[in-house]
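Everything below concerns the one structure shown next.
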Amino acid sequence: MALSQLALQRPALVRCLVTMIRAPTQLAVSSRVPRLLPNTCHPNITACFRLYATKKSKAKAPKGQTAKVNINSLLVEDIISLEEVKEEMAAVLSTLKDDFSRNLSIRTSPGALDHVVVSTADGKFPLNQLGQISMKSPQLIMVNMTSYPEATAAAARALQESSMKLNPEVDGSVIRVPIPKVTRDHRENLAKLAKQFSNKAKESLRRVRSSAVAQVKKAKDTVSEDTLRLVEKQIDQMAEGFAADMDKQLATKTKELLG
């Protein structure tokens, strides 16, 4: 009798077992689990949720990219002024651009001499503030120093010492500046000089970065390590950004010089 009753209940038992086997998988992906099963906690279900949360928490930036940090400078102004650090780095980049403009010109025009710096008894001045520069021919530039004749010798010396390989000729208060033919060797030498200027700028940039990081580390006794790491990472990102700009400036200048 008992066997016959068990046989009659077999289909119901099978359905129950199937439901129990399938339940962990179905419940693990359902957002309605807490409402459906308020008083149960199957170990397999817990493991599934834990695994999902771990994967989400370890999400990283795409391969080859660094997670960006963007700190509000006002929140860390007691540690360091990020705006001042940015200004110092920007000043290094600006100096590099000026070096490129003043010392690496191959243009045969009066403007090529504008930024030649002349040292006088009254200080240093751009050549175009001391004399009148004019183009007499594609191969000759004239500098009239009549308004500042006492600086004629200093101006000629500045022209000779510039990176443009000039041999000025002084005639009274007038300086004749023959423009040398732009050879391939001269272009390549200017490109090498551009690389030197870029390396010098990057050294200055590294000094600004190191000084800023050193200042941040001084706050280690009053600020959490996590905060200090984030600020340092922000400074590193700023330095990397300006270094990338310097590389672009060098690439553009090199292309211009080599033609």
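Each chain in the structure tokens gets a letter, A, B, ..., in the order shown, and its residues are numbered from 1; ligands are numbered from 1 in order too.
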
Considering only C-alpha atoms, return as a list in words whatever protein or nucleic-acid residues lie within 9 Å of region 203-206 of chain A, sequence-local ones (same chain, fewer than 2 positions apart) excluded.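 Close residues of region 203-206 of chain A: Glu88, Met89, Val92, Leu93, Ser198, Asn199, Lys200, Ala201, Val208, Arg209, Ser210, Ser211, Ala239, Phe242 and Ala243 of chain A.
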
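If only C-alpha atoms are the atoms counted, then among A:Gly123, A:Met135, A:Asn167, A:Ser173 the closest residue to Tyr148 (chain A) is A:Ser173.
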
Would you pick out the contacts of Val174 (chain A) at 12 Å or less, using only C-alpha atoms, so that residues sharing its chain but fewer than 3 positions from it are not included, and give the list as a list of chain:residue names?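 Result of the neighbour search: A:Leu130, A:Gly131, A:Gln132, A:Ile133, A:Ser134, A:Ile141, A:Met142, A:Val143, A:Asn144, A:Met145, A:Thr146, A:Ser147, A:Tyr148, A:Pro149, A:Glu150, A:Ala151, A:Thr152, A:Ala153, A:Ala155, A:Ala156, A:Pro168, A:Glu169, A:Val170, A:Asp171, A:Val177.
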
Show me, as a short mmCIF file (atom, residue, chain, number, x, y, z; two decimals) with N, CA and C atoms, in the first residue's frame, the residues that have an atom within 7 Å of region 217-233 of chain A when counting only C-alpha atoms, minus same-chain residues fewer than 4 positions from it.
data_model
loop_
_atom_site.label_atom_id
_atom_site.label_comp_id
_atom_site.auth_asym_id
_atom_site.auth_seq_id
_atom_site.Cartn_x
_atom_site.Cartn_y
_atom_site.Cartn_z
N VAL A 69 42.29 61.23 -12.92
CA VAL A 69 41.92 61.82 -11.64
C VAL A 69 41.62 63.29 -11.88
N ILE A 79 46.86 71.72 1.11
CA ILE A 79 48.02 70.87 0.85
C ILE A 79 48.93 71.52 -0.19
N VAL A 213 55.45 67.49 -5.74
CA VAL A 213 55.25 66.24 -5.00
C VAL A 213 55.89 66.33 -3.61
N GLN A 237 49.55 63.61 -13.81
CA GLN A 237 48.74 63.76 -15.02
C GLN A 237 48.97 65.13 -15.68
#

I need the residue nearest Lys192 (chain A) from this list: A:Thr95, A:Thr254, A:Ser105, A:Ser73. Use only C-alpha atoms for the distance.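 The shortest atom-to-atom distance to Lys192 (chain A) comes from A:Thr254.
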
Return the single residue from A:His186, A:Arg207, A:Arg157, A:Lys86 that is closest to Ser119 (chain A), with distances computed using only C-alpha atoms. A:Arg157

Helix (DSSP H, G or I) residues, from DSSP on the backbone, in region 130-177 of chain A, as a ChimeraX atom specification: /A:130,149-161

Selection from above, N, CA and C atoms, as a compact mmCIF listing (two decimals), in the first residue's frame, can you write it?
# COMPACT_ATOMS: atom_id res chain seq x y z
N LEU A 130 65.58 98.41 -30.52
CA LEU A 130 66.77 99.26 -30.54
C LEU A 130 67.09 99.81 -31.93
N PRO A 149 72.66 104.45 -31.21
CA PRO A 149 73.98 104.12 -31.79
C PRO A 149 74.94 103.48 -30.81
N GLU A 150 74.81 103.81 -29.53
CA GLU A 150 75.75 103.23 -28.54
C GLU A 150 75.57 101.73 -28.37
N ALA A 151 74.45 101.19 -28.88
CA ALA A 151 74.21 99.75 -28.76
C ALA A 151 74.55 99.00 -30.05
N THR A 152 75.15 99.68 -30.99
CA THR A 152 75.45 99.06 -32.28
C THR A 152 76.36 97.84 -32.12
N ALA A 153 77.44 98.02 -31.38
CA ALA A 153 78.38 96.90 -31.21
C ALA A 153 77.72 95.72 -30.49
N ALA A 154 76.92 96.03 -29.49
CA ALA A 154 76.24 94.97 -28.74
C ALA A 154 75.24 94.24 -29.63
N ALA A 155 74.57 94.99 -30.51
CA ALA A 155 73.60 94.37 -31.42
C ALA A 155 74.30 93.45 -32.41
N ALA A 156 75.44 93.92 -32.93
CA ALA A 156 76.19 93.08 -33.87
C ALA A 156 76.66 91.80 -33.20
N ARG A 157 77.11 91.93 -31.95
CA ARG A 157 77.57 90.75 -31.20
C ARG A 157 76.42 89.78 -30.96
N ALA A 158 75.23 90.30 -30.64
CA ALA A 158 74.07 89.44 -30.41
C ALA A 158 73.69 88.69 -31.68
N LEU A 159 73.77 89.37 -32.81
CA LEU A 159 73.46 88.72 -34.09
C LEU A 159 74.47 87.61 -34.39
N GLN A 160 75.71 87.88 -34.10
CA GLN A 160 76.76 86.90 -34.39
C GLN A 160 76.64 85.67 -33.48
N GLU A 161 76.20 85.88 -32.25
CA GLU A 161 76.11 84.78 -31.30
C GLU A 161 74.77 84.04 -31.37

Return the single residue from A:Leu113, A:Gln249, A:Glu188, A:Glu87 that is closest to Leu166 (chain A), with distances computed using only C-alpha atoms.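 So, comparing all the options, the nearest one is A:Leu113.
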